[in-house]
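Okay, query_3.csv now, which holds CSV, C-alpha atoms:
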```csv
chain,number,residue,atom,x,y,z
A,16,MET,CA,0.0,0.0,0.0
A,17,TYR,CA,1.5,3.3,-1.1
A,18,ARG,CA,-1.1,5.5,0.6
A,19,ALA,CA,-4.1,5.2,2.9
A,20,TYR,CA,-6.9,5.5,0.3
A,21,LEU,CA,-9.3,6.6,3.1
A,22,PRO,CA,-11.9,5.6,3.9
A,23,ALA,CA,-11.3,2.3,2.2
A,24,GLY,CA,-7.8,1.9,3.6
A,25,ALA,CA,-8.5,2.6,7.2
A,26,GLU,CA,-7.3,-0.8,8.4
A,27,TYR,CA,-3.9,-0.3,6.6
A,28,LEU,CA,-3.4,3.0,8.3
A,29,ALA,CA,-4.1,1.4,11.6
A,30,GLU,CA,-1.6,-1.4,10.9
A,31,ALA,CA,1.0,1.1,9.8
A,32,VAL,CA,0.5,3.2,13.0
A,33,ALA,CA,0.9,0.0,15.2
A,34,ALA,CA,4.0,-1.2,13.3
A,35,ALA,CA,5.7,2.1,13.3
A,36,SER,CA,4.9,2.8,17.0
A,37,ALA,CA,6.3,-0.6,17.9
A,38,ARG,CA,9.5,0.0,16.0
A,39,ARG,CA,9.9,3.6,17.3
A,40,PRO,CA,8.1,3.9,20.6
A,41,ASP,CA,9.8,7.3,21.1
A,42,LEU,CA,7.8,8.5,18.1
A,43,ALA,CA,4.5,6.9,19.1
A,44,VAL,CA,2.8,10.1,20.1
A,45,PRO,CA,3.6,12.1,16.9
A,46,ILE,CA,2.7,9.0,14.8
A,47,ARG,CA,-0.7,8.8,16.4
A,48,THR,CA,-1.2,12.6,16.0
A,49,VAL,CA,-0.4,12.4,12.2
A,50,ALA,CA,-2.9,9.5,11.8
A,51,ARG,CA,-5.6,11.4,13.7
A,52,LEU,CA,-5.2,14.4,11.5
A,53,ILE,CA,-5.4,12.2,8.4
A,54,ARG,CA,-8.6,10.5,9.6
A,55,ARG,CA,-10.1,13.8,10.6
A,56,ASP,CA,-10.2,15.2,7.1
A,57,PRO,CA,-9.1,12.6,4.4
A,58,ARG,CA,-9.6,15.1,1.6
A,59,GLY,CA,-7.9,18.1,3.4
A,60,GLU,CA,-4.6,19.6,2.7
A,61,PHE,CA,-2.7,17.8,5.4
A,62,ALA,CA,-3.9,14.4,4.3
A,63,THR,CA,-3.3,15.3,0.7
A,64,ARG,CA,0.3,16.3,1.4
A,65,PHE,CA,0.8,13.2,3.4
A,66,MET,CA,-0.3,11.0,0.6
A,67,GLN,CA,1.9,12.8,-1.8
A,68,THR,CA,4.8,12.0,0.5
A,69,THR,CA,4.1,8.3,1.3
A,70,GLY,CA,4.1,7.3,-2.4
A,71,PRO,CA,7.6,8.2,-3.3
A,72,VAL,CA,9.0,7.1,0.1
A,73,MET,CA,7.5,3.7,-0.4
A,74,ALA,CA,8.7,3.6,-4.0
A,75,LYS,CA,12.3,4.5,-3.1
A,76,GLY,CA,12.4,2.3,0.0
A,77,VAL,CA,10.7,-0.8,-1.4
A,78,GLU,CA,10.9,-0.9,-5.2
A,79,ASP,CA,14.2,0.9,-5.6
A,80,ARG,CA,16.1,-0.6,-2.6
A,81,ALA,CA,14.6,-3.7,-1.0
A,82,PHE,CA,13.6,-5.2,-4.3
A,83,TYR,CA,17.2,-5.1,-5.5
A,84,ARG,CA,18.5,-6.8,-2.3
A,85,TYR,CA,16.0,-9.6,-1.9
A,86,SER,CA,16.5,-12.1,-4.7
A,87,ARG,CA,15.0,-15.4,-3.7
A,88,LEU,CA,12.7,-15.4,-6.8
A,89,THR,CA,12.9,-12.0,-8.6
A,90,SER,CA,9.7,-12.4,-10.6
A,91,LEU,CA,8.0,-11.7,-7.2
A,92,ASN,CA,9.7,-8.3,-6.9
A,93,GLU,CA,7.2,-6.3,-8.8
A,94,VAL,CA,5.7,-2.9,-8.3
A,95,GLY,CA,2.7,-3.3,-6.0
A,96,GLY,CA,3.7,-6.8,-5.1
A,97,ASP,CA,4.9,-8.4,-1.9
A,98,PRO,CA,7.7,-10.9,-2.4
A,99,SER,CA,7.1,-12.4,1.0
A,100,GLN,CA,3.9,-13.9,-0.5
A,101,PHE,CA,5.5,-16.6,-2.5
A,102,SER,CA,2.4,-17.8,-4.3
A,103,LEU,CA,-1.4,-18.3,-4.2
A,104,ALA,CA,-3.2,-21.6,-4.2
A,105,PRO,CA,-5.9,-21.8,-6.9
A,106,GLN,CA,-8.7,-21.2,-4.4
A,107,ALA,CA,-7.0,-18.1,-3.0
A,108,PHE,CA,-6.6,-16.9,-6.6
A,109,HIS,CA,-10.3,-17.4,-7.3
A,110,ASP,CA,-11.2,-15.7,-4.0
A,111,ALA,CA,-9.1,-12.7,-5.1
A,112,PHE,CA,-10.7,-12.5,-8.5
A,113,ALA,CA,-14.2,-12.9,-7.0
A,114,ARG,CA,-13.6,-10.0,-4.6
A,115,ARG,CA,-12.3,-7.9,-7.6
A,116,GLN,CA,-15.4,-8.6,-9.6
A,117,ALA,CA,-17.6,-7.7,-6.6
A,118,SER,CA,-15.8,-4.6,-5.4
A,119,TRP,CA,-13.6,-3.3,-8.1
A,120,PRO,CA,-14.9,-4.5,-11.5
A,121,HIS,CA,-13.6,-1.3,-13.3
A,122,ALA,CA,-10.1,-1.2,-11.8
A,123,LEU,CA,-7.0,-1.6,-14.0
A,124,THR,CA,-5.6,-5.1,-14.5
A,125,THR,CA,-2.1,-5.2,-16.0
A,126,LEU,CA,1.0,-7.4,-16.2
A,127,THR,CA,3.5,-4.8,-17.6
A,128,THR,CA,3.7,-1.1,-17.4
A,129,HIS,CA,6.3,1.6,-18.0
A,130,ASP,CA,7.4,1.1,-14.4
A,131,THR,CA,7.6,-2.7,-14.0
A,132,LYS,CA,10.9,-4.1,-12.8
A,133,ARG,CA,10.7,-7.0,-15.3
A,134,SER,CA,8.2,-7.4,-18.2
A,135,GLU,CA,5.5,-10.0,-17.9
A,136,ASP,CA,7.3,-12.5,-20.2
A,137,THR,CA,10.6,-12.1,-18.3
A,138,ARG,CA,8.8,-12.8,-15.0
A,139,ALA,CA,7.0,-15.8,-16.6
A,140,ARG,CA,10.3,-17.4,-17.5
A,141,ILE,CA,12.0,-16.6,-14.2
A,142,THR,CA,9.0,-18.1,-12.4
A,143,VAL,CA,9.9,-21.5,-13.9
A,144,ILE,CA,12.9,-21.5,-11.6
A,145,ALA,CA,10.5,-22.2,-8.7
A,146,GLU,CA,9.7,-25.5,-10.4
A,147,VAL,CA,13.3,-26.5,-11.0
A,148,ALA,CA,14.8,-25.1,-7.8
A,149,GLU,CA,17.4,-27.8,-7.2
A,150,ARG,CA,18.6,-27.4,-10.8
A,151,TRP,CA,18.8,-23.7,-10.4
A,152,VAL,CA,20.8,-23.9,-7.2
A,153,ALA,CA,23.4,-26.1,-9.0
A,154,THR,CA,23.4,-23.8,-12.0
A,155,LEU,CA,23.9,-20.7,-9.8
A,156,ASP,CA,26.8,-22.4,-8.1
A,157,ASP,CA,28.4,-23.0,-11.5
A,158,LEU,CA,27.7,-19.4,-12.6
A,159,ARG,CA,29.2,-17.9,-9.4
A,160,ALA,CA,32.3,-20.0,-9.9
A,161,ILE,CA,32.7,-18.3,-13.3
A,162,ALA,CA,31.9,-14.7,-12.2
A,163,SER,CA,30.8,-13.1,-9.0
A,164,THR,CA,30.4,-9.6,-7.7
A,165,GLY,CA,31.2,-10.7,-4.2
A,166,ASP,CA,27.6,-10.0,-3.2
A,167,ARG,CA,25.7,-13.4,-3.3
A,168,SER,CA,22.3,-11.8,-3.4
A,169,LEU,CA,23.2,-9.5,-6.2
A,170,ASP,CA,24.8,-12.4,-8.1
A,171,ASP,CA,21.5,-14.2,-7.9
A,172,LEU,CA,19.5,-11.2,-9.0
A,173,LEU,CA,21.8,-10.6,-12.0
A,174,TRP,CA,22.0,-14.2,-13.2
A,175,GLN,CA,18.2,-14.4,-13.0
A,176,ALA,CA,18.0,-11.3,-15.1
A,177,VAL,CA,20.3,-12.8,-17.6
A,178,VAL,CA,18.2,-15.9,-17.9
A,179,GLY,CA,14.9,-14.0,-18.0
A,180,ALA,CA,16.0,-11.6,-20.7
A,181,TRP,CA,18.1,-14.0,-22.8
A,182,SER,CA,17.4,-13.7,-26.5
A,183,GLU,CA,19.0,-13.3,-29.9
A,184,ASP,CA,18.7,-9.5,-29.6
A,185,PRO,CA,22.1,-8.1,-30.7
A,186,ALA,CA,21.7,-5.2,-28.2
A,187,LEU,CA,21.3,-7.6,-25.2
A,188,PRO,CA,24.8,-7.2,-23.9
A,189,GLU,CA,24.5,-3.4,-23.8
A,190,ARG,CA,21.0,-3.7,-22.2
A,191,LEU,CA,22.2,-6.1,-19.5
A,192,HIS,CA,25.2,-3.9,-18.7
A,193,ALA,CA,22.9,-1.0,-18.2
A,194,TYR,CA,20.6,-3.0,-16.1
A,195,ALA,CA,23.3,-4.5,-13.9
A,196,GLU,CA,24.8,-1.1,-13.1
A,197,LYS,CA,21.4,0.3,-12.2
A,198,ALA,CA,20.5,-2.8,-10.1
A,199,ALA,CA,23.8,-2.6,-8.2
A,200,ARG,CA,23.4,1.1,-7.4
A,201,GLU,CA,19.7,0.8,-6.5
A,202,GLY,CA,20.5,-2.0,-4.0
A,203,GLY,CA,23.1,0.3,-2.4
A,204,VAL,CA,25.2,-2.5,-0.9
A,205,GLY,CA,28.5,-2.7,-2.8
A,206,THR,CA,28.0,0.6,-4.7
A,207,SER,CA,25.4,3.4,-4.9
A,208,TRP,CA,24.3,6.3,-7.0
A,209,GLU,CA,25.6,8.7,-4.4
A,210,ASP,CA,29.0,7.0,-3.9
A,211,PRO,CA,29.9,4.7,-6.8
A,212,ASP,CA,32.5,2.1,-6.1
A,213,ALA,CA,34.6,1.6,-9.2
A,214,ASP,CA,36.1,-1.7,-8.2
A,215,PHE,CA,32.7,-3.3,-7.3
A,216,GLU,CA,31.2,-2.1,-10.5
A,217,THR,CA,34.0,-3.6,-12.5
A,218,ARG,CA,33.0,-6.9,-11.0
A,219,VAL,CA,29.4,-6.3,-11.9
A,220,HIS,CA,30.3,-5.6,-15.5
A,221,ALA,CA,32.6,-8.6,-15.6
A,222,LEU,CA,29.7,-10.8,-14.6
A,223,ILE,CA,27.7,-9.6,-17.6
A,224,ASP,CA,30.7,-10.0,-19.9
A,225,ALA,CA,31.0,-13.6,-18.6
A,226,ALA,CA,27.4,-14.3,-19.6
A,227,PHE,CA,28.4,-13.9,-23.2
A,228,GLY,CA,31.8,-15.6,-22.7
A,229,ALA,CA,32.7,-18.4,-20.3
A,230,ALA,CA,29.2,-18.7,-18.8
A,231,ARG,CA,27.4,-18.8,-22.1
A,232,PRO,CA,27.0,-22.6,-22.4
A,233,THR,CA,25.7,-22.8,-18.9
A,234,ILE,CA,23.2,-19.9,-19.6
A,235,GLU,CA,22.0,-21.5,-22.8
A,236,THR,CA,21.5,-24.8,-21.1
A,237,ILE,CA,19.3,-23.4,-18.4
A,238,VAL,CA,17.4,-21.1,-20.8
A,239,ALA,CA,16.6,-24.1,-23.0
A,240,ALA,CA,15.1,-25.8,-19.9
A,241,VAL,CA,12.9,-22.9,-18.8
A,242,ALA,CA,12.0,-21.0,-22.0
A,243,GLY,CA,9.3,-23.4,-23.1
A,244,PRO,CA,7.5,-23.6,-19.7
A,245,GLY,CA,8.0,-19.8,-19.5
A,246,ARG,CA,6.0,-19.4,-22.6
A,247,VAL,CA,3.2,-21.5,-21.1
A,248,ASN,CA,3.3,-19.3,-18.0
A,249,ALA,CA,3.2,-16.2,-20.2
A,250,LEU,CA,0.2,-17.3,-22.2
A,251,SER,CA,-1.7,-18.4,-19.1
A,252,ALA,CA,-1.1,-15.2,-17.3
A,253,LYS,CA,-2.1,-13.2,-20.3
A,254,LEU,CA,-5.4,-15.0,-20.7
A,255,LEU,CA,-6.2,-14.7,-17.0
A,256,GLN,CA,-5.4,-11.0,-17.0
A,257,LEU,CA,-7.4,-10.2,-20.2
A,258,ALA,CA,-10.4,-12.4,-19.4
A,259,GLY,CA,-10.5,-11.8,-15.7
A,260,PRO,CA,-12.3,-9.1,-13.7
A,261,GLY,CA,-11.2,-5.5,-14.2
A,262,VAL,CA,-10.2,-3.4,-17.1
A,263,PRO,CA,-7.3,-5.1,-18.9
A,264,ASP,CA,-4.4,-3.0,-20.1
A,265,VAL,CA,-1.8,-4.1,-22.6
A,266,TYR,CA,1.5,-2.2,-22.4
A,267,GLN,CA,3.1,-1.2,-25.6
A,268,GLY,CA,4.9,-4.0,-27.3
A,269,THR,CA,3.7,-6.9,-25.0
A,270,GLU,CA,1.3,-8.2,-27.7
A,271,LEU,CA,4.3,-10.3,-28.7
A,272,TRP,CA,7.0,-11.9,-26.5
A,273,ASP,CA,8.8,-9.1,-24.6
A,274,HIS,CA,11.7,-10.0,-22.4
A,275,SER,CA,12.5,-6.5,-21.1
A,276,LEU,CA,14.0,-5.4,-17.8
A,277,VAL,CA,13.5,-2.2,-15.8
A,278,ASP,CA,13.3,1.2,-17.4
A,279,PRO,CA,14.6,2.4,-19.7
A,280,ASP,CA,14.8,-1.1,-21.1
A,281,ASN,CA,11.0,-1.5,-21.1
A,282,ARG,CA,10.5,1.8,-23.0
A,283,ARG,CA,12.3,0.9,-26.2
A,284,PRO,CA,10.6,1.6,-29.6
A,285,VAL,CA,7.9,-0.9,-30.6
A,286,ASP,CA,7.7,-2.3,-34.2
A,287,PHE,CA,4.0,-1.8,-34.8
A,288,ALA,CA,4.3,-2.6,-38.5
A,289,ALA,CA,5.5,-6.1,-37.6
A,290,ARG,CA,2.5,-6.5,-35.3
A,291,ARG,CA,0.1,-5.3,-37.9
A,292,ALA,CA,1.5,-7.8,-40.4
A,293,LEU,CA,1.2,-10.7,-38.0
A,294,LEU,CA,-2.3,-9.7,-37.0
A,295,ALA,CA,-3.3,-9.7,-40.6
A,296,ARG,CA,-2.1,-13.2,-41.0
A,297,LEU,CA,-4.0,-14.3,-37.9
A,298,ASP,CA,-7.1,-12.7,-39.3
A,299,GLU,CA,-6.7,-14.8,-42.4
A,300,GLY,CA,-6.9,-18.0,-40.2
A,301,TRP,CA,-3.2,-18.7,-39.5
A,302,LEU,CA,-2.6,-20.6,-36.2
A,303,PRO,CA,1.0,-20.0,-35.2
A,304,GLY,CA,3.0,-22.3,-32.9
A,305,VAL,CA,3.8,-21.4,-29.4
A,306,ASP,CA,7.5,-22.0,-30.1
A,307,ASP,CA,7.7,-20.3,-33.4
A,308,GLU,CA,10.9,-18.2,-33.9
A,309,GLY,CA,12.2,-15.5,-36.1
A,310,ALA,CA,9.6,-13.1,-37.5
A,311,ASP,CA,6.8,-15.3,-36.2
A,312,ALA,CA,8.0,-15.3,-32.6
A,313,GLY,CA,5.2,-14.3,-30.2
A,314,ALA,CA,2.4,-14.6,-32.7
A,315,ALA,CA,0.6,-17.1,-30.4
A,316,LYS,CA,0.5,-14.4,-27.7
A,317,LEU,CA,-0.8,-11.9,-30.3
A,318,LEU,CA,-3.6,-14.4,-31.1
A,319,VAL,CA,-4.5,-14.8,-27.4
A,320,THR,CA,-4.4,-11.0,-26.9
A,321,SER,CA,-6.4,-10.0,-29.9
A,322,ARG,CA,-9.1,-12.7,-29.7
A,323,THR,CA,-9.7,-12.1,-26.0
A,324,LEU,CA,-9.9,-8.3,-26.3
A,325,ARG,CA,-12.2,-8.5,-29.3
A,326,LEU,CA,-14.5,-10.8,-27.4
A,327,ARG,CA,-14.6,-8.4,-24.5
A,328,ARG,CA,-15.3,-5.5,-26.9
A,329,ASP,CA,-18.0,-7.3,-28.9
A,330,ARG,CA,-19.7,-9.3,-26.2
A,331,PRO,CA,-19.4,-7.5,-22.8
A,332,ASP,CA,-22.5,-9.4,-21.7
A,333,LEU,CA,-20.3,-12.5,-21.4
A,334,PHE,CA,-18.0,-10.9,-18.8
A,335,THR,CA,-20.4,-9.9,-16.0
A,336,ARG,CA,-19.9,-12.6,-13.4
A,337,TYR,CA,-17.1,-14.7,-11.9
A,338,THR,CA,-17.5,-18.5,-11.2
A,339,PRO,CA,-14.5,-20.8,-10.7
A,340,LEU,CA,-14.4,-24.0,-12.7
A,341,GLU,CA,-13.5,-27.4,-11.3
A,342,ALA,CA,-11.1,-29.8,-12.9
A,343,VAL,CA,-11.1,-33.5,-12.2
A,344,GLY,CA,-8.9,-36.5,-13.1
A,345,ALA,CA,-5.2,-37.1,-12.9
A,346,ALA,CA,-3.8,-33.6,-12.9
A,347,PRO,CA,-6.5,-31.1,-11.7
A,348,ALA,CA,-3.9,-29.0,-9.9
A,349,HIS,CA,-2.4,-27.9,-13.2
A,350,ALA,CA,-5.5,-26.3,-14.6
A,351,ILE,CA,-7.2,-23.1,-13.6
A,352,GLY,CA,-10.4,-21.8,-15.2
A,353,PHE,CA,-13.4,-19.6,-14.7
A,354,ASP,CA,-16.7,-18.6,-16.3
A,355,ARG,CA,-17.2,-14.9,-16.6
A,356,GLY,CA,-20.9,-15.3,-17.5
A,357,GLY,CA,-20.7,-17.0,-20.8
A,358,ALA,CA,-17.0,-16.6,-21.6
A,359,ILE,CA,-14.9,-19.5,-20.2
A,360,ALA,CA,-11.2,-19.2,-19.7
A,361,VAL,CA,-9.0,-22.2,-19.1
A,362,ALA,CA,-5.2,-22.0,-18.5
A,363,THR,CA,-2.3,-24.2,-17.6
A,364,ARG,CA,-0.3,-23.8,-14.4
A,365,LEU,CA,3.0,-25.4,-13.2
A,366,PRO,CA,3.9,-26.8,-16.6
A,367,VAL,CA,7.1,-28.5,-15.6
A,368,GLY,CA,5.3,-30.5,-13.0
A,369,LEU,CA,2.5,-31.3,-15.4
A,370,ALA,CA,5.0,-32.7,-18.0
A,371,ALA,CA,6.9,-34.6,-15.3
A,372,SER,CA,3.7,-36.3,-14.0
A,373,GLY,CA,2.7,-37.6,-17.5
A,374,GLY,CA,0.6,-34.7,-18.9
A,375,TRP,CA,-3.1,-34.2,-18.7
A,376,ARG,CA,-4.1,-37.9,-19.2
A,377,ASP,CA,-7.8,-38.1,-18.2
A,378,THR,CA,-8.0,-34.6,-16.6
A,379,ALA,CA,-11.1,-32.7,-17.6
A,380,VAL,CA,-12.6,-29.3,-16.8
A,381,LEU,CA,-16.3,-29.2,-15.9
A,382,VAL,CA,-18.2,-26.6,-18.0
A,383,PRO,CA,-21.9,-26.0,-18.4
A,384,ALA,CA,-24.0,-28.1,-20.8
A,385,GLY,CA,-24.1,-27.1,-24.5
A,386,ARG,CA,-21.7,-26.8,-27.4
A,387,TRP,CA,-18.6,-24.6,-26.9
A,388,ARG,CA,-16.1,-23.1,-29.4
A,389,ASP,CA,-12.6,-22.1,-28.6
A,390,ALA,CA,-11.9,-18.5,-29.7
A,391,PHE,CA,-8.3,-19.3,-30.4
A,392,THR,CA,-8.5,-22.5,-32.5
A,393,GLY,CA,-12.1,-22.7,-33.6
A,394,ALA,CA,-12.4,-26.2,-32.2
A,395,GLU,CA,-15.7,-27.2,-30.7
A,396,PHE,CA,-16.5,-29.3,-27.6
A,397,ASP,CA,-19.5,-30.7,-25.9
A,398,GLY,CA,-20.2,-29.4,-22.3
A,399,GLY,CA,-19.8,-31.4,-19.2
A,400,GLY,CA,-16.3,-32.8,-18.7
A,401,VAL,CA,-14.1,-31.4,-21.4
A,402,PRO,CA,-10.8,-33.4,-21.7
A,403,LEU,CA,-7.9,-31.0,-21.3
A,404,ALA,CA,-5.7,-33.1,-23.5
A,405,ALA,CA,-8.0,-32.2,-26.4
A,406,LEU,CA,-8.9,-28.7,-25.3
A,407,LEU,CA,-5.3,-27.6,-24.7
A,408,ALA,CA,-3.7,-29.8,-27.4
A,409,ARG,CA,-2.5,-26.8,-29.5
A,410,TYR,CA,-2.2,-24.0,-27.0
A,411,PRO,CA,-1.9,-24.1,-23.2
A,412,VAL,CA,-4.9,-21.8,-22.9
A,413,ALA,CA,-8.5,-21.8,-24.3
A,414,LEU,CA,-11.3,-19.3,-24.4
A,415,LEU,CA,-14.7,-20.9,-24.8
A,416,THR,CA,-18.0,-19.3,-25.9
A,417,ALA,CA,-21.3,-20.9,-26.9
A,418,ALA,CA,-21.2,-22.3,-30.4
A,419,ASP,CA,-23.8,-20.9,-32.7
```

Using the file provided, produce a representation of the structure as structure tokens.
Amino acid sequence: MYRAYLPAGAEYLAEAVAAASARRPDLAVPIRTVARLIRRDPRGEFATRFMQTTGPVMAKGVEDRAFYRYSRLTSLNEVGGDPSQFSLAPQAFHDAFARRQASWPHALTTLTTHDTKRSEDTRARITVIAEVAERWVATLDDLRAIASTGDRSLDDLLWQAVVGAWSEDPALPERLHAYAEKAAREGGVGTSWEDPDADFETRVHALIDAAFGAARPTIETIVAAVAGPGRVNALSAKLLQLAGPGVPDVYQGTELWDHSLVDPDNRRPVDFAARRALLARLDEGWLPGVDDEGADAGAAKLLVTSRTLRLRRDRPDLFTRYTPLEAVGAAPAHAIGFDRGGAIAVATRLPVGLAASGGWRDTAVLVPAGRWRDAFTGAEFDGGGVPLAALLARYPVALLTAAD
């Protein structure tokens, strides 16, 4: 929480007062006085000035300091997020979306903005590390043996960034050098903006150089292991965002795969002509592969994005409720789905574990009776228990509406 948002945020203000008073009992009286003045007139000048102050203080203390020091799984270190909350079980996810539909149906829902620390697809790839934790620990040991800044937490953060952003982009070395220097200075441990340490920063840049030299085989091996599941995560997150409660926002360029890091990396020019060309092919009936490369890379994400947004535009009546869907069979924990009132979204979760367990097998998602058509592939299915091996045969996501 960046501000009190009174009256809706009264409980957060109370929690902040209690926590700050416990940490600084010598300031308990002025802390309570400030809180009382804020509550007395939440729209007054004092409260307004206070809210204008808490936002940047939170941003600098959390986003621009703590998030660069805490590197357990850096896809959790996102603006507005709480990395101490490692994950949500499906039921908790459904509860959160149901509350959003009931209380904040017109609030913004986004995965990437101008201010994200890592773009949505970078996070989706890094998140796979949580499914291959032992392998990542061994890989990280190998990488540290090749190059280290001397700060183990920063090493972890930088190597995760390298894996998350890895691509054939010829500008990637320059982008990673800029990111590494910013990350080291924001963290403020071995160097800082105010007092740069040249020796420490030399080690930071040497680590990035190593990624394209001695460490390259190790990087390419781990990227090969996480890139595919990362694309599954990315498409699933995109569908849940676009079809779920709230007003979905698509940040410039993220219609295709986008493996950006913090600004200014996430503010690079966007090739809209390439996107228009791919969209025209999709509109002619082309169904791209999830793993397509070259000029076709990311077209599957553009398919999911365009079809979901068009459905929301053309049939808003299908997105007025929120009902979780149940999956049954061999691998129900790997599916997550909901019915928005006629539009049904189904996505894949934890793809590494799904593959290791033998795939979908007899797993089915339970949908209302009738005949349903997938907006992405055009395939049709009868209601009841829809086999996920068939529904998600081509893409790890599906968006169903009643067939005419």

Separation of CA of Ala315 (chain A) from CA of Ala139 (chain A), in Å and rounded to one decimal: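 Separation of CA of Ala315 (chain A) and CA of Ala139 (chain A): 15.3 Å.
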
Between CA of Leu172 (chain A) and CA of Ile223 (chain A) - distance in Å to one decimal: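 According to the coordinates, CA of Ile223 (chain A) and CA of Leu172 (chain A) are separated by 12.0 Å.
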
Selection near Gly96 (chain A), 12 Å with all atoms listed in the file, sequence-local residues under 6 positions removed, as a list in words: Met16, Tyr17, Ala74, Val77, Glu78, Phe82, Thr89, Ser90, Ser102, Leu126, Thr131 and Lys132 of chain A

Top pick for closest residue to Gly385 (chain A), considering A:Val147, A:Val401, A:Val32, A:Ala23 and counting only C-alpha atoms: A:Val401

Expected answer as a list in words: all residues with atoms within 10 Å of (-6.0, -37.4, -18.3), all atoms listed in the file: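 The residues that fall inside the cut-off are Val343, Gly344, Ala345, Ala346, Pro347, Gly373, Gly374, Trp375, Arg376, Asp377, Thr378, Ala379, Pro402, Leu403, Ala404 and Ala405 of chain A.
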
A:Asp56, A:Asp79, A:Asp157, A:Asp171 ranked by distance to Ala198 (chain A), top pick (using all atoms listed in the file):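 Answer, going by the shortest atom-to-atom distance: A:Asp79.
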
Atomic distance CA of Arg330 (chain A) - CA of Gly304 (chain A), expressed in Å with one decimal: 27.0 Å

Polymer residues at most 12 Å from Glu93 (chain A), only C-alpha atoms, same-chain spacing of 5 or more positions, as a PyMOL selection string: chain A and resi 74+77-79+81-83+85-86+88+98-100+125-128+130-135+137-138+276-277

Residue contacts of Thr206 (chain A) (12 Å, all atoms listed in the file) excluding same-chain residues fewer than 2 positions away, as a list in words: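 Here the qualifying residues turn out to be Thr164, Gly165, Asp166, Leu169, Ala195, Glu196, Lys197, Ala198, Ala199, Arg200, Glu201, Gly202, Gly203, Val204, Trp208, Glu209, Asp210, Pro211, Asp212, Ala213, Asp214, Phe215, Glu216, Thr217, Arg218 and Val219 of chain A.
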
Non-local contacts of region 60-71 of chain A (12 Å; all atoms listed in the file; under 5 positions in same chain excluded) as a ChimeraX atom specification: /A:16-22,28,31,48-55,76-79,94-95

Render region 81-91 of chain A from the structure in the preceding block as a file of N, CA, C and O atoms, as a PDB file, in the first residue's frame.
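Written output follows (part-v9.pdb):
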```
ATOM      1  N   ALA A  81      14.814  -2.321  -1.495  1.00  0.00           N
ATOM      2  CA  ALA A  81      14.617  -3.689  -1.012  1.00  0.00           C
ATOM      3  C   ALA A  81      14.490  -4.695  -2.154  1.00  0.00           C
ATOM      4  O   ALA A  81      15.019  -5.814  -2.070  1.00  0.00           O
ATOM      5  N   PHE A  82      13.789  -4.313  -3.232  1.00  0.00           N
ATOM      6  CA  PHE A  82      13.593  -5.247  -4.336  1.00  0.00           C
ATOM      7  C   PHE A  82      14.891  -5.585  -5.054  1.00  0.00           C
ATOM      8  O   PHE A  82      14.942  -6.573  -5.798  1.00  0.00           O
ATOM      9  N   TYR A  83      15.925  -4.790  -4.865  1.00  0.00           N
ATOM     10  CA  TYR A  83      17.220  -5.092  -5.474  1.00  0.00           C
ATOM     11  C   TYR A  83      18.145  -5.829  -4.504  1.00  0.00           C
ATOM     12  O   TYR A  83      19.247  -6.215  -4.887  1.00  0.00           O
ATOM     13  N   ARG A  84      17.692  -6.018  -3.284  1.00  0.00           N
ATOM     14  CA  ARG A  84      18.492  -6.751  -2.304  1.00  0.00           C
ATOM     15  C   ARG A  84      17.947  -8.150  -2.042  1.00  0.00           C
ATOM     16  O   ARG A  84      18.679  -9.037  -1.639  1.00  0.00           O
ATOM     17  N   TYR A  85      16.639  -8.319  -2.254  1.00  0.00           N
ATOM     18  CA  TYR A  85      15.968  -9.584  -1.946  1.00  0.00           C
ATOM     19  C   TYR A  85      15.785 -10.345  -3.247  1.00  0.00           C
ATOM     20  O   TYR A  85      15.019  -9.925  -4.111  1.00  0.00           O
ATOM     21  N   SER A  86      16.483 -11.468  -3.399  1.00  0.00           N
ATOM     22  CA  SER A  86      16.543 -12.087  -4.727  1.00  0.00           C
ATOM     23  C   SER A  86      16.167 -13.567  -4.721  1.00  0.00           C
ATOM     24  O   SER A  86      16.595 -14.316  -5.594  1.00  0.00           O
ATOM     25  N   ARG A  87      15.344 -13.990  -3.777  1.00  0.00           N
ATOM     26  CA  ARG A  87      14.964 -15.407  -3.725  1.00  0.00           C
ATOM     27  C   ARG A  87      14.361 -15.851  -5.055  1.00  0.00           C
ATOM     28  O   ARG A  87      14.764 -16.856  -5.631  1.00  0.00           O
ATOM     29  N   LEU A  88      13.342 -15.129  -5.526  1.00  0.00           N
ATOM     30  CA  LEU A  88      12.739 -15.368  -6.840  1.00  0.00           C
ATOM     31  C   LEU A  88      12.301 -14.002  -7.345  1.00  0.00           C
ATOM     32  O   LEU A  88      11.292 -13.453  -6.914  1.00  0.00           O
ATOM     33  N   THR A  89      13.081 -13.437  -8.268  1.00  0.00           N
ATOM     34  CA  THR A  89      12.912 -12.017  -8.583  1.00  0.00           C
ATOM     35  C   THR A  89      11.648 -11.711  -9.372  1.00  0.00           C
ATOM     36  O   THR A  89      11.275 -10.550  -9.492  1.00  0.00           O
ATOM     37  N   SER A  90      10.961 -12.722  -9.901  1.00  0.00           N
ATOM     38  CA  SER A  90       9.683 -12.447 -10.552  1.00  0.00           C
ATOM     39  C   SER A  90       8.632 -11.981  -9.541  1.00  0.00           C
ATOM     40  O   SER A  90       7.597 -11.432  -9.928  1.00  0.00           O
ATOM     41  N   LEU A  91       8.899 -12.181  -8.254  1.00  0.00           N
ATOM     42  CA  LEU A  91       7.991 -11.705  -7.207  1.00  0.00           C
ATOM     43  C   LEU A  91       8.219 -10.235  -6.876  1.00  0.00           C
ATOM     44  O   LEU A  91       7.356  -9.597  -6.267  1.00  0.00           O
TER      45      LEU A  91
END
```
